[in-house]
>>> print(open('work_20.cif').read())   # mmCIF, N, CA and C atoms
data_structure
loop_
_atom_site.label_atom_id
_atom_site.label_comp_id
_atom_site.auth_asym_id
_atom_site.auth_seq_id
_atom_site.Cartn_x
_atom_site.Cartn_y
_atom_site.Cartn_z
N MET K 2 51.15 78.91 -49.26
CA MET K 2 49.77 78.61 -49.53
C MET K 2 49.73 77.73 -50.77
N LEU K 3 48.93 76.71 -50.72
CA LEU K 3 48.74 75.81 -51.85
C LEU K 3 47.29 75.95 -52.30
N LEU K 4 47.10 76.35 -53.55
CA LEU K 4 45.76 76.45 -54.12
C LEU K 4 45.58 75.32 -55.11
N LEU K 5 44.58 74.51 -54.90
CA LEU K 5 44.28 73.41 -55.81
C LEU K 5 42.93 73.65 -56.46
N GLY K 6 42.82 73.24 -57.69
CA GLY K 6 41.55 73.37 -58.40
C GLY K 6 41.75 73.07 -59.86
N SER K 7 40.65 72.80 -60.52
CA SER K 7 40.70 72.53 -61.96
C SER K 7 41.02 73.81 -62.72
N GLY K 8 41.31 73.65 -63.99
CA GLY K 8 41.57 74.81 -64.84
C GLY K 8 40.39 75.76 -64.85
N ASP K 9 40.68 77.04 -64.89
CA ASP K 9 39.65 78.09 -64.91
C ASP K 9 38.78 78.10 -63.66
N SER K 10 39.30 77.59 -62.53
CA SER K 10 38.50 77.58 -61.31
C SER K 10 38.72 78.83 -60.45
N GLY K 11 39.70 79.67 -60.83
CA GLY K 11 39.88 80.93 -60.13
C GLY K 11 41.11 81.00 -59.23
N LYS K 12 42.01 80.04 -59.35
CA LYS K 12 43.20 80.06 -58.49
C LYS K 12 44.02 81.33 -58.70
N SER K 13 44.30 81.67 -59.94
CA SER K 13 45.09 82.88 -60.23
C SER K 13 44.33 84.12 -59.81
N THR K 14 43.04 84.11 -59.97
CA THR K 14 42.23 85.26 -59.58
C THR K 14 42.33 85.51 -58.09
N VAL K 15 42.31 84.46 -57.29
CA VAL K 15 42.44 84.61 -55.84
C VAL K 15 43.78 85.26 -55.50
N LEU K 16 44.84 84.79 -56.16
CA LEU K 16 46.16 85.36 -55.90
C LEU K 16 46.23 86.84 -56.31
N LYS K 17 45.62 87.17 -57.43
CA LYS K 17 45.60 88.58 -57.87
C LYS K 17 44.81 89.44 -56.88
N GLN K 18 43.70 88.91 -56.40
CA GLN K 18 42.90 89.66 -55.44
C GLN K 18 43.66 89.86 -54.14
N MET K 19 44.42 88.85 -53.72
CA MET K 19 45.22 88.98 -52.50
C MET K 19 46.26 90.09 -52.68
N ARG K 20 46.85 90.17 -53.86
CA ARG K 20 47.83 91.23 -54.12
C ARG K 20 47.17 92.60 -54.03
N LEU K 21 45.97 92.70 -54.59
CA LEU K 21 45.26 93.99 -54.55
C LEU K 21 44.90 94.37 -53.12
N ILE K 22 44.45 93.40 -52.35
CA ILE K 22 44.07 93.67 -50.95
C ILE K 22 45.28 94.14 -50.15
N ARG K 23 46.45 93.53 -50.43
CA ARG K 23 47.67 93.86 -49.70
C ARG K 23 48.43 95.04 -50.32
N ASN K 24 47.83 95.67 -51.34
CA ASN K 24 48.45 96.82 -52.03
C ASN K 24 49.82 96.49 -52.62
N VAL K 25 49.94 95.30 -53.20
CA VAL K 25 51.16 94.91 -53.89
C VAL K 25 50.91 95.18 -55.38
N PRO K 26 51.57 96.18 -55.93
CA PRO K 26 51.27 96.56 -57.32
C PRO K 26 51.73 95.51 -58.33
N PHE K 27 51.08 95.53 -59.46
CA PHE K 27 51.47 94.66 -60.57
C PHE K 27 52.55 95.37 -61.37
N THR K 28 53.47 94.60 -61.92
CA THR K 28 54.50 95.19 -62.78
C THR K 28 53.87 95.55 -64.12
N GLN K 29 54.54 96.41 -64.87
CA GLN K 29 54.05 96.78 -66.20
C GLN K 29 53.93 95.53 -67.08
N SER K 30 54.85 94.61 -66.92
CA SER K 30 54.82 93.37 -67.70
C SER K 30 53.57 92.56 -67.38
N GLU K 31 53.22 92.49 -66.10
CA GLU K 31 52.02 91.76 -65.70
C GLU K 31 50.76 92.44 -66.23
N VAL K 32 50.70 93.74 -66.13
CA VAL K 32 49.55 94.49 -66.64
C VAL K 32 49.40 94.24 -68.14
N GLU K 33 50.51 94.28 -68.85
CA GLU K 33 50.48 94.06 -70.29
C GLU K 33 49.99 92.66 -70.62
N SER K 34 50.46 91.66 -69.89
CA SER K 34 50.03 90.29 -70.19
C SER K 34 48.54 90.11 -69.88
N TYR K 35 48.04 90.74 -68.81
CA TYR K 35 46.62 90.64 -68.50
C TYR K 35 45.77 91.34 -69.55
N ARG K 36 46.27 92.48 -70.05
CA ARG K 36 45.55 93.22 -71.10
C ARG K 36 45.42 92.35 -72.35
N GLN K 37 46.50 91.70 -72.72
CA GLN K 37 46.47 90.82 -73.88
C GLN K 37 45.54 89.63 -73.64
N LEU K 38 45.55 89.13 -72.41
CA LEU K 38 44.70 88.00 -72.06
C LEU K 38 43.21 88.35 -72.15
N VAL K 39 42.86 89.57 -71.76
CA VAL K 39 41.46 90.00 -71.85
C VAL K 39 40.98 89.93 -73.30
N PHE K 40 41.78 90.45 -74.22
CA PHE K 40 41.39 90.41 -75.63
C PHE K 40 41.29 88.96 -76.12
N ALA K 41 42.28 88.14 -75.77
CA ALA K 41 42.25 86.73 -76.18
C ALA K 41 41.03 86.02 -75.61
N ASN K 42 40.67 86.33 -74.36
CA ASN K 42 39.50 85.71 -73.75
C ASN K 42 38.20 86.14 -74.44
N LEU K 43 38.14 87.39 -74.88
CA LEU K 43 36.95 87.84 -75.61
C LEU K 43 36.79 87.03 -76.90
N VAL K 44 37.89 86.87 -77.62
CA VAL K 44 37.84 86.12 -78.88
C VAL K 44 37.51 84.66 -78.62
N GLN K 45 38.19 84.05 -77.65
CA GLN K 45 37.95 82.64 -77.35
C GLN K 45 36.54 82.42 -76.82
N GLY K 46 36.06 83.36 -76.01
CA GLY K 46 34.69 83.25 -75.50
C GLY K 46 33.67 83.27 -76.63
N MET K 47 33.91 84.12 -77.62
CA MET K 47 33.02 84.14 -78.79
C MET K 47 33.10 82.80 -79.53
N ARG K 48 34.29 82.27 -79.69
CA ARG K 48 34.47 80.99 -80.39
C ARG K 48 33.67 79.88 -79.67
N TYR K 49 33.80 79.81 -78.35
CA TYR K 49 33.05 78.81 -77.59
C TYR K 49 31.54 79.01 -77.75
N THR K 50 31.13 80.28 -77.73
CA THR K 50 29.70 80.57 -77.84
C THR K 50 29.17 80.22 -79.22
N PHE K 51 29.94 80.51 -80.27
CA PHE K 51 29.51 80.13 -81.62
C PHE K 51 29.36 78.62 -81.74
N ASP K 52 30.30 77.88 -81.16
CA ASP K 52 30.21 76.41 -81.17
C ASP K 52 28.95 75.93 -80.44
N ALA K 53 28.67 76.57 -79.30
CA ALA K 53 27.47 76.21 -78.54
C ALA K 53 26.21 76.53 -79.33
N MET K 54 26.22 77.65 -80.03
CA MET K 54 25.06 78.03 -80.83
C MET K 54 24.76 76.97 -81.88
N GLU K 55 25.81 76.45 -82.47
CA GLU K 55 25.63 75.40 -83.48
C GLU K 55 24.96 74.17 -82.86
N ASP K 56 25.42 73.78 -81.69
CA ASP K 56 24.83 72.63 -80.99
C ASP K 56 23.39 72.88 -80.58
N MET K 57 23.05 74.14 -80.33
CA MET K 57 21.69 74.52 -79.90
C MET K 57 20.78 74.88 -81.06
N ASP K 58 21.29 74.74 -82.29
CA ASP K 58 20.54 75.12 -83.49
C ASP K 58 20.12 76.59 -83.47
N LEU K 59 21.01 77.43 -82.98
CA LEU K 59 20.79 78.87 -82.99
C LEU K 59 21.69 79.48 -84.05
N LYS K 60 21.18 80.44 -84.77
CA LYS K 60 21.95 81.09 -85.84
C LYS K 60 22.11 82.56 -85.54
N LEU K 61 23.28 83.07 -85.90
CA LEU K 61 23.49 84.52 -85.84
C LEU K 61 22.63 85.19 -86.89
N ALA K 62 22.27 86.43 -86.64
CA ALA K 62 21.58 87.22 -87.67
C ALA K 62 22.50 87.34 -88.87
N ASP K 63 21.92 87.36 -90.06
CA ASP K 63 22.72 87.44 -91.28
C ASP K 63 23.72 88.60 -91.23
N ALA K 64 23.30 89.71 -90.68
CA ALA K 64 24.16 90.89 -90.62
C ALA K 64 25.39 90.67 -89.74
N ASN K 65 25.37 89.66 -88.89
CA ASN K 65 26.48 89.43 -87.96
C ASN K 65 27.43 88.32 -88.39
N ARG K 66 27.12 87.63 -89.47
CA ARG K 66 27.99 86.52 -89.88
C ARG K 66 29.39 87.00 -90.26
N ASP K 67 29.47 88.12 -90.97
CA ASP K 67 30.79 88.66 -91.31
C ASP K 67 31.55 89.11 -90.06
N HIS K 68 30.80 89.66 -89.09
CA HIS K 68 31.44 90.05 -87.83
C HIS K 68 32.04 88.84 -87.13
N ALA K 69 31.32 87.73 -87.16
CA ALA K 69 31.81 86.50 -86.50
C ALA K 69 33.10 86.03 -87.15
N ASP K 70 33.13 86.00 -88.47
CA ASP K 70 34.35 85.58 -89.18
C ASP K 70 35.51 86.51 -88.85
N PHE K 71 35.23 87.80 -88.81
CA PHE K 71 36.26 88.79 -88.52
C PHE K 71 36.85 88.58 -87.11
N VAL K 72 35.96 88.39 -86.13
CA VAL K 72 36.40 88.20 -84.75
C VAL K 72 37.18 86.90 -84.61
N LEU K 73 36.73 85.84 -85.26
CA LEU K 73 37.41 84.56 -85.14
C LEU K 73 38.81 84.57 -85.75
N ASP K 74 39.04 85.47 -86.67
CA ASP K 74 40.37 85.58 -87.30
C ASP K 74 41.26 86.60 -86.58
N ALA K 75 40.84 87.07 -85.43
CA ALA K 75 41.61 88.10 -84.73
C ALA K 75 42.97 87.56 -84.31
N PRO K 76 44.02 88.33 -84.58
CA PRO K 76 45.36 87.92 -84.13
C PRO K 76 45.52 88.26 -82.64
N ASP K 77 46.49 87.63 -82.01
CA ASP K 77 46.82 87.99 -80.63
C ASP K 77 47.38 89.40 -80.61
N LEU K 78 47.09 90.12 -79.53
CA LEU K 78 47.67 91.45 -79.37
C LEU K 78 49.16 91.31 -79.06
N LYS K 79 49.93 92.19 -79.61
CA LYS K 79 51.37 92.24 -79.34
C LYS K 79 51.63 93.20 -78.18
N ASP K 80 52.79 93.11 -77.59
CA ASP K 80 53.15 94.01 -76.49
C ASP K 80 52.98 95.46 -76.93
N GLY K 81 52.24 96.21 -76.13
CA GLY K 81 52.05 97.63 -76.40
C GLY K 81 51.03 97.96 -77.48
N GLN K 82 50.53 96.96 -78.19
CA GLN K 82 49.54 97.21 -79.25
C GLN K 82 48.21 97.56 -78.60
N PRO K 83 47.62 98.69 -78.97
CA PRO K 83 46.33 99.05 -78.39
C PRO K 83 45.23 98.11 -78.88
N PHE K 84 44.12 98.15 -78.16
CA PHE K 84 42.96 97.38 -78.59
C PHE K 84 42.61 97.81 -80.00
N PRO K 85 42.53 96.87 -80.95
CA PRO K 85 42.25 97.26 -82.33
C PRO K 85 40.83 97.83 -82.47
N GLU K 86 40.76 99.08 -82.83
CA GLU K 86 39.46 99.75 -82.97
C GLU K 86 38.52 99.02 -83.92
N ALA K 87 39.09 98.33 -84.90
CA ALA K 87 38.26 97.63 -85.90
C ALA K 87 37.40 96.54 -85.27
N TYR K 88 37.73 96.12 -84.05
CA TYR K 88 36.97 95.04 -83.40
C TYR K 88 35.86 95.56 -82.50
N ARG K 89 35.86 96.85 -82.23
CA ARG K 89 34.85 97.41 -81.32
C ARG K 89 33.43 97.16 -81.82
N GLU K 90 33.13 97.55 -83.04
CA GLU K 90 31.77 97.40 -83.56
C GLU K 90 31.39 95.93 -83.77
N PRO K 91 32.27 95.08 -84.31
CA PRO K 91 31.90 93.66 -84.42
C PRO K 91 31.55 93.03 -83.07
N PHE K 92 32.35 93.30 -82.02
CA PHE K 92 32.02 92.75 -80.70
C PHE K 92 30.68 93.28 -80.22
N ARG K 93 30.46 94.56 -80.40
CA ARG K 93 29.20 95.16 -79.95
C ARG K 93 28.01 94.55 -80.70
N ALA K 94 28.11 94.46 -82.01
CA ALA K 94 27.02 93.91 -82.81
C ALA K 94 26.75 92.45 -82.47
N LEU K 95 27.81 91.69 -82.29
CA LEU K 95 27.63 90.28 -81.94
C LEU K 95 26.95 90.14 -80.59
N TRP K 96 27.37 90.95 -79.63
CA TRP K 96 26.77 90.85 -78.30
C TRP K 96 25.29 91.22 -78.34
N GLU K 97 24.89 92.09 -79.25
CA GLU K 97 23.49 92.48 -79.35
C GLU K 97 22.64 91.46 -80.10
N ASP K 98 23.28 90.46 -80.69
CA ASP K 98 22.56 89.41 -81.42
C ASP K 98 21.73 88.59 -80.42
N LYS K 99 20.42 88.52 -80.64
CA LYS K 99 19.54 87.87 -79.67
C LYS K 99 19.85 86.38 -79.51
N ASN K 100 20.23 85.71 -80.58
CA ASN K 100 20.53 84.29 -80.46
C ASN K 100 21.85 84.02 -79.74
N LEU K 101 22.82 84.92 -79.92
CA LEU K 101 24.06 84.77 -79.16
C LEU K 101 23.78 84.93 -77.67
N ARG K 102 22.99 85.92 -77.32
CA ARG K 102 22.64 86.12 -75.91
C ARG K 102 21.86 84.92 -75.36
N GLN K 103 21.01 84.35 -76.19
CA GLN K 103 20.25 83.17 -75.75
C GLN K 103 21.21 82.01 -75.50
N ALA K 104 22.20 81.84 -76.35
CA ALA K 104 23.19 80.76 -76.16
C ALA K 104 23.96 80.96 -74.86
N VAL K 105 24.34 82.19 -74.56
CA VAL K 105 25.06 82.47 -73.31
C VAL K 105 24.15 82.17 -72.12
N ALA K 106 22.88 82.57 -72.22
CA ALA K 106 21.93 82.30 -71.14
C ALA K 106 21.74 80.80 -70.92
N ARG K 107 21.88 80.04 -72.00
CA ARG K 107 21.73 78.58 -71.91
C ARG K 107 23.10 77.89 -71.82
N GLY K 108 24.11 78.63 -71.44
CA GLY K 108 25.48 78.13 -71.43
C GLY K 108 25.69 76.85 -70.66
N ASN K 109 24.88 76.63 -69.61
CA ASN K 109 25.03 75.39 -68.84
C ASN K 109 24.72 74.16 -69.70
N GLU K 110 23.89 74.30 -70.71
CA GLU K 110 23.56 73.17 -71.59
C GLU K 110 24.76 72.74 -72.43
N ALA K 111 25.63 73.68 -72.73
CA ALA K 111 26.78 73.40 -73.60
C ALA K 111 28.08 73.40 -72.81
N ALA K 112 27.98 73.45 -71.49
CA ALA K 112 29.16 73.50 -70.63
C ALA K 112 30.11 74.62 -71.06
N LEU K 113 29.53 75.79 -71.34
CA LEU K 113 30.37 76.94 -71.68
C LEU K 113 31.24 77.28 -70.48
N PRO K 114 32.52 77.54 -70.71
CA PRO K 114 33.39 77.92 -69.59
C PRO K 114 32.89 79.19 -68.92
N ASP K 115 33.25 79.34 -67.65
CA ASP K 115 32.84 80.53 -66.90
C ASP K 115 33.24 81.81 -67.59
N LYS K 116 34.38 81.80 -68.30
CA LYS K 116 34.81 83.03 -68.95
C LYS K 116 33.80 83.48 -70.00
N CYS K 117 33.02 82.55 -70.55
CA CYS K 117 31.98 82.96 -71.50
C CYS K 117 30.84 83.63 -70.77
N VAL K 118 30.50 83.11 -69.61
CA VAL K 118 29.44 83.72 -68.83
C VAL K 118 29.90 85.07 -68.34
N ILE K 119 31.16 85.15 -67.94
CA ILE K 119 31.71 86.44 -67.54
C ILE K 119 31.68 87.39 -68.72
N ASN K 120 31.92 86.86 -69.92
CA ASN K 120 31.87 87.70 -71.10
C ASN K 120 30.46 88.22 -71.35
N SER K 121 29.49 87.68 -70.61
CA SER K 121 28.14 88.22 -70.76
C SER K 121 28.09 89.65 -70.23
N GLN K 122 29.15 90.07 -69.55
CA GLN K 122 29.29 91.47 -69.14
C GLN K 122 29.89 92.29 -70.27
N LEU K 123 29.96 91.69 -71.47
CA LEU K 123 30.62 92.31 -72.62
C LEU K 123 30.06 93.67 -72.95
N SER K 124 28.77 93.85 -72.79
CA SER K 124 28.20 95.15 -73.16
C SER K 124 28.84 96.25 -72.34
N SER K 125 29.11 96.01 -71.07
CA SER K 125 29.79 97.01 -70.26
C SER K 125 31.23 97.16 -70.67
N LEU K 126 31.89 96.04 -70.92
CA LEU K 126 33.30 96.07 -71.27
C LEU K 126 33.53 96.75 -72.61
N VAL K 127 32.72 96.41 -73.60
CA VAL K 127 32.90 96.99 -74.92
C VAL K 127 32.71 98.50 -74.87
N SER K 128 31.81 98.97 -74.03
CA SER K 128 31.62 100.42 -73.97
C SER K 128 32.83 101.11 -73.34
N VAL K 129 33.60 100.38 -72.53
CA VAL K 129 34.81 100.94 -71.92
C VAL K 129 35.96 100.89 -72.90
N ILE K 130 36.07 99.79 -73.65
CA ILE K 130 37.16 99.61 -74.61
C ILE K 130 36.96 100.62 -75.69
#
>>> encode(input="work_20.cif", output="C-alpha coordinates")
Amino acid sequence: MLLLGSGDSGKSTVLKQMRLIRNVPFTQSEVESYRQLVFANLVQGMRYTFDAMEDMDLKLADANRDHADFVLDAPDLKDGQPFPEAYREPFRALWEDKNLRQAVARGNEAALPDKCVINSQLSSLVSVI
(Lines of atoms letter the chains of each structure in order from A and count residues from 1; the text may use other names and numbers.)
(Lines give C-alpha, C1' and ligand atoms only; values in the text may rest on other atoms or scores of the structure.)
Protein backbone atom coordinates (compact mmCIF):
# COMPACT_ATOMS: atom_id res chain seq x y z
CA MET A 1 0.00 0.00 0.00
CA LEU A 2 1.29 3.44 -0.89
CA LEU A 3 -0.06 6.37 1.12
CA LEU A 4 0.63 9.80 -0.30
CA GLY A 5 -0.14 13.11 1.32
CA SER A 6 1.33 16.26 2.74
CA GLY A 7 2.81 16.42 6.21
CA ASP A 8 0.29 16.04 9.03
CA SER A 9 -2.35 14.75 6.61
CA GLY A 10 -2.94 11.54 8.58
CA LYS A 11 -0.91 8.91 6.73
CA SER A 12 0.60 7.47 9.91
CA THR A 13 -2.75 7.66 11.66
CA VAL A 14 -4.35 5.51 8.95
CA LEU A 15 -1.62 2.90 9.38
CA LYS A 16 -2.05 2.91 13.17
CA GLN A 17 -5.80 2.53 12.81
CA MET A 18 -5.31 -0.39 10.43
CA ARG A 19 -3.11 -2.08 13.04
CA LEU A 20 -5.78 -1.58 15.69
CA ILE A 21 -8.51 -2.93 13.42
CA ARG A 22 -6.40 -6.01 12.64
CA ASN A 23 -5.49 -6.48 16.35
CA VAL A 24 -1.77 -6.05 15.72
CA PRO A 25 -0.40 -4.78 19.03
CA PHE A 26 2.07 -1.95 19.35
CA THR A 27 5.46 -2.68 20.87
CA GLN A 28 6.40 -1.04 24.17
CA SER A 29 8.89 1.07 22.21
CA GLU A 30 6.13 2.32 19.90
CA VAL A 31 3.82 3.10 22.82
CA GLU A 32 6.61 5.01 24.52
CA SER A 33 7.39 7.06 21.41
CA TYR A 34 3.70 7.92 20.92
CA ARG A 35 3.42 8.94 24.59
CA GLN A 36 6.37 11.29 24.19
CA LEU A 37 4.91 12.60 20.93
CA VAL A 38 1.61 13.48 22.64
CA PHE A 39 3.41 15.69 25.16
CA ALA A 40 5.56 17.28 22.42
CA ASN A 41 2.43 17.96 20.35
CA LEU A 42 0.72 19.64 23.31
CA VAL A 43 3.70 21.97 23.74
CA GLN A 44 4.08 22.63 20.01
CA GLY A 45 0.33 23.18 19.64
CA MET A 46 0.47 25.83 22.36
CA ARG A 47 3.46 27.46 20.62
CA TYR A 48 1.55 27.65 17.31
CA THR A 49 -1.51 29.00 19.10
CA PHE A 50 0.47 31.68 20.93
CA ASP A 51 1.96 32.79 17.60
CA ALA A 52 -1.52 32.92 16.07
CA MET A 53 -2.79 34.94 19.02
CA GLU A 54 -0.11 37.52 18.38
CA ASP A 55 -1.17 37.80 14.73
CA MET A 56 -4.83 38.13 15.83
CA ASP A 57 -4.03 40.78 18.44
CA LEU A 58 -5.28 38.49 21.20
CA LYS A 59 -3.57 38.49 24.58
CA LEU A 60 -3.44 35.88 27.29
CA ALA A 61 -4.84 36.87 30.65
CA ASP A 62 -2.10 38.32 32.86
CA ALA A 63 -2.41 35.36 35.20
CA ASN A 64 -1.53 32.98 32.33
CA ARG A 65 1.61 34.67 30.99
CA ASP A 66 3.89 32.80 33.39
CA HIS A 67 2.12 29.56 32.48
CA ALA A 68 2.83 30.23 28.80
CA ASP A 69 6.54 30.79 29.45
CA PHE A 70 6.69 27.65 31.57
CA VAL A 71 5.00 25.50 28.91
CA LEU A 72 7.14 26.89 26.10
CA ASP A 73 10.30 25.93 28.01
CA ALA A 74 9.12 22.35 28.51
CA PRO A 75 11.81 19.76 27.80
CA ASP A 76 11.10 16.66 25.75
CA LEU A 77 10.01 13.66 27.79
CA LYS A 78 12.67 10.99 28.21
CA ASP A 79 12.00 7.27 27.90
CA GLY A 80 9.94 6.13 30.86
CA GLN A 81 9.60 9.64 32.30
CA PRO A 82 6.03 10.18 33.49
CA PHE A 83 4.01 13.18 32.45
CA PRO A 84 5.46 16.01 34.55
CA GLU A 85 2.81 16.91 37.11
CA ALA A 86 4.08 20.49 37.15
CA TYR A 87 2.56 20.99 33.67
CA ARG A 88 -0.95 19.84 34.52
CA GLU A 89 -2.19 23.13 35.99
CA PRO A 90 -0.46 25.40 33.43
CA PHE A 91 -2.03 23.45 30.53
CA ARG A 92 -5.42 23.54 32.23
CA ALA A 93 -5.23 27.27 32.99
CA LEU A 94 -4.06 28.11 29.49
CA TRP A 95 -6.84 26.09 27.91
CA GLU A 96 -9.39 27.96 30.03
CA ASP A 97 -8.06 31.31 28.78
CA LYS A 98 -10.87 32.82 26.69
CA ASN A 99 -8.54 34.45 24.17
CA LEU A 100 -6.59 31.24 23.60
CA ARG A 101 -9.86 29.42 22.91
CA GLN A 102 -10.89 32.22 20.56
CA ALA A 103 -7.60 31.85 18.67
CA VAL A 104 -8.16 28.09 18.30
CA ALA A 105 -11.72 28.73 17.09
CA ARG A 106 -10.29 31.14 14.52
CA GLY A 107 -7.45 28.77 13.65
CA ASN A 108 -8.30 28.76 9.96
CA GLU A 109 -7.30 32.45 9.81
CA ALA A 110 -3.78 31.62 10.98
CA ALA A 111 -3.50 28.26 9.21
CA LEU A 112 -3.09 26.51 12.55
CA PRO A 113 -2.12 22.88 11.96
CA ASP A 114 -4.80 20.28 12.57
CA LYS A 115 -2.95 19.12 15.67
CA CYS A 116 -3.81 22.49 17.25
CA VAL A 117 -7.47 22.01 16.48
CA ILE A 118 -7.22 18.49 17.82
CA ASN A 119 -5.62 20.01 20.89
CA SER A 120 -8.90 21.82 21.34
CA GLN A 121 -9.88 18.53 22.98
CA LEU A 122 -7.26 19.48 25.59
CA SER A 123 -9.78 19.92 28.36
CA SER A 124 -10.66 16.24 28.11
CA LEU A 125 -7.05 15.17 27.72
CA VAL A 126 -5.73 17.24 30.61
CA SER A 127 -8.33 15.77 32.92
CA VAL A 128 -7.07 12.29 31.98
CA ILE A 129 -3.37 13.18 32.31
>>> atom_distance(input="work_20.cif", atom1="atom N of Lys79 (chain K)", atom2="CA of Phe40 (chain K)")
9.6 Å
>>> atom_distance(input="work_20.cif", atom1="CA of Asp70 (chain K)", atom2="CA of Phe84 (chain K)")
18.0 Å
>>> atom_distance(input="work_20.cif", atom1="atom N of Asn65 (chain K)", atom2="atom C of Gly108 (chain K)")
22.3 Å
>>> residues_near_point(input="work_20.cif", point="(46.4, 91.0, -81.0)", cutoff="12 Å", atoms="only C-alpha atoms", output="PyMOL selection string")
chain K and resi 33-34+36-44+72-88
>>> select_by_dssp(input="work_20.cif", residues="chain K", states="alpha helix (DSSP H)", output="number ranges by chain")
K: 12-22, 29-56, 66-73, 89-97, 99-106, 115-119, 123-129
>>> resolve_selection(input="work_20.cif", expression="the PyMOL selection byres ((chain K and resi 91-102) around 7)", output="ChimeraX atom specification")
/K:50,54,59-62,65,68-69,72,87-90,103-107,123-124,127
>>> decode(input="work_20.cif", residues="region 80-91 of chain K", atoms="all heavy atoms", output="CSV table (one decimal), in the first residue's frame")
chain,number,residue,atom,x,y,z
K,80,ASP,N,12.6,8.6,27.8
K,80,ASP,CA,12.0,7.3,27.9
K,80,ASP,C,11.6,6.9,29.3
K,80,ASP,O,12.5,7.1,30.2
K,80,ASP,CB,13.0,6.2,27.4
K,80,ASP,CG,13.1,6.2,25.9
K,80,ASP,OD1,12.3,6.9,25.2
K,80,ASP,OD2,14.0,5.6,25.4
K,81,GLY,N,10.4,6.5,29.5
K,81,GLY,CA,9.9,6.1,30.9
K,81,GLY,C,9.6,7.3,31.8
K,81,GLY,O,9.1,7.0,32.9
K,82,GLN,N,9.9,8.5,31.4
K,82,GLN,CA,9.6,9.6,32.3
K,82,GLN,C,8.1,9.9,32.3
K,82,GLN,O,7.5,10.0,31.2
K,82,GLN,CB,10.3,10.9,31.8
K,82,GLN,CG,10.0,12.1,32.6
K,82,GLN,CD,10.7,13.4,32.0
K,82,GLN,OE1,11.3,13.3,30.9
K,82,GLN,NE2,10.5,14.5,32.7
K,83,PRO,N,7.5,9.9,33.5
K,83,PRO,CA,6.0,10.2,33.5
K,83,PRO,C,5.7,11.6,33.1
K,83,PRO,O,6.6,12.5,33.1
K,83,PRO,CB,5.7,9.9,35.0
K,83,PRO,CG,6.9,10.1,35.7
K,83,PRO,CD,8.0,9.8,34.8
K,84,PHE,N,4.4,11.8,32.8
K,84,PHE,CA,4.0,13.2,32.4
K,84,PHE,C,4.3,14.1,33.6
K,84,PHE,O,3.9,13.8,34.8
K,84,PHE,CB,2.5,13.2,32.2
K,84,PHE,CG,2.0,14.5,31.8
K,84,PHE,CD1,1.9,14.9,30.5
K,84,PHE,CD2,1.5,15.4,32.7
K,84,PHE,CE1,1.5,16.2,30.1
K,84,PHE,CE2,1.0,16.7,32.4
K,84,PHE,CZ,1.0,17.1,31.1
K,85,PRO,N,5.1,15.2,33.4
K,85,PRO,CA,5.5,16.0,34.6
K,85,PRO,C,4.2,16.7,35.2
K,85,PRO,O,3.6,17.5,34.5
K,85,PRO,CB,6.4,17.1,33.9
K,85,PRO,CG,6.8,16.5,32.6
K,85,PRO,CD,5.7,15.6,32.2
K,86,GLU,N,4.0,16.4,36.4
K,86,GLU,CA,2.8,16.9,37.1
K,86,GLU,C,2.8,18.4,37.1
K,86,GLU,O,1.8,19.1,37.1
K,86,GLU,CB,2.8,16.4,38.6
K,86,GLU,CG,2.3,14.9,38.7
K,86,GLU,CD,0.9,14.7,38.3
K,86,GLU,OE1,0.0,15.6,38.6
K,86,GLU,OE2,0.6,13.7,37.6
K,87,ALA,N,4.0,19.0,37.1
K,87,ALA,CA,4.1,20.5,37.1
K,87,ALA,C,3.4,21.2,35.9
K,87,ALA,O,3.1,22.4,36.0
K,87,ALA,CB,5.5,20.9,37.2
K,88,TYR,N,3.2,20.4,34.9
K,88,TYR,CA,2.6,21.0,33.7
K,88,TYR,C,1.0,20.9,33.6
K,88,TYR,O,0.4,21.5,32.8
K,88,TYR,CB,3.2,20.3,32.4
K,88,TYR,CG,4.6,20.8,32.2
K,88,TYR,CD1,5.6,20.1,32.8
K,88,TYR,CD2,4.9,21.9,31.5
K,88,TYR,CE1,6.9,20.5,32.6
K,88,TYR,CE2,6.2,22.4,31.3
K,88,TYR,CZ,7.2,21.7,31.9
K,88,TYR,OH,8.5,22.1,31.8
K,89,ARG,N,0.5,20.1,34.5
K,89,ARG,CA,-1.0,19.8,34.5
K,89,ARG,C,-1.7,21.1,34.7
K,89,ARG,O,-2.6,21.5,33.9
K,89,ARG,CB,-1.3,18.9,35.6
K,89,ARG,CG,-2.8,18.6,35.6
K,89,ARG,CD,-3.2,17.7,36.8
K,89,ARG,NE,-2.5,16.5,36.9
K,89,ARG,CZ,-3.0,15.3,36.7
K,89,ARG,NH1,-4.3,15.2,36.5
K,89,ARG,NH2,-2.3,14.2,36.8
K,90,GLU,N,-1.4,21.9,35.7
K,90,GLU,CA,-2.2,23.1,36.0
K,90,GLU,C,-1.9,24.2,34.9
K,90,GLU,O,-2.9,24.9,34.5
K,90,GLU,CB,-1.9,23.6,37.4
K,90,GLU,CG,-2.7,24.9,37.8
K,90,GLU,CD,-4.3,24.7,37.6
K,90,GLU,OE1,-4.8,23.5,37.8
K,90,GLU,OE2,-4.9,25.6,37.2
K,91,PRO,N,-0.7,24.4,34.5
K,91,PRO,CA,-0.5,25.4,33.4
K,91,PRO,C,-1.2,25.1,32.2
K,91,PRO,O,-1.9,26.0,31.6
K,91,PRO,CB,1.0,25.3,33.2
K,91,PRO,CG,1.6,25.0,34.5
K,91,PRO,CD,0.6,24.0,35.1
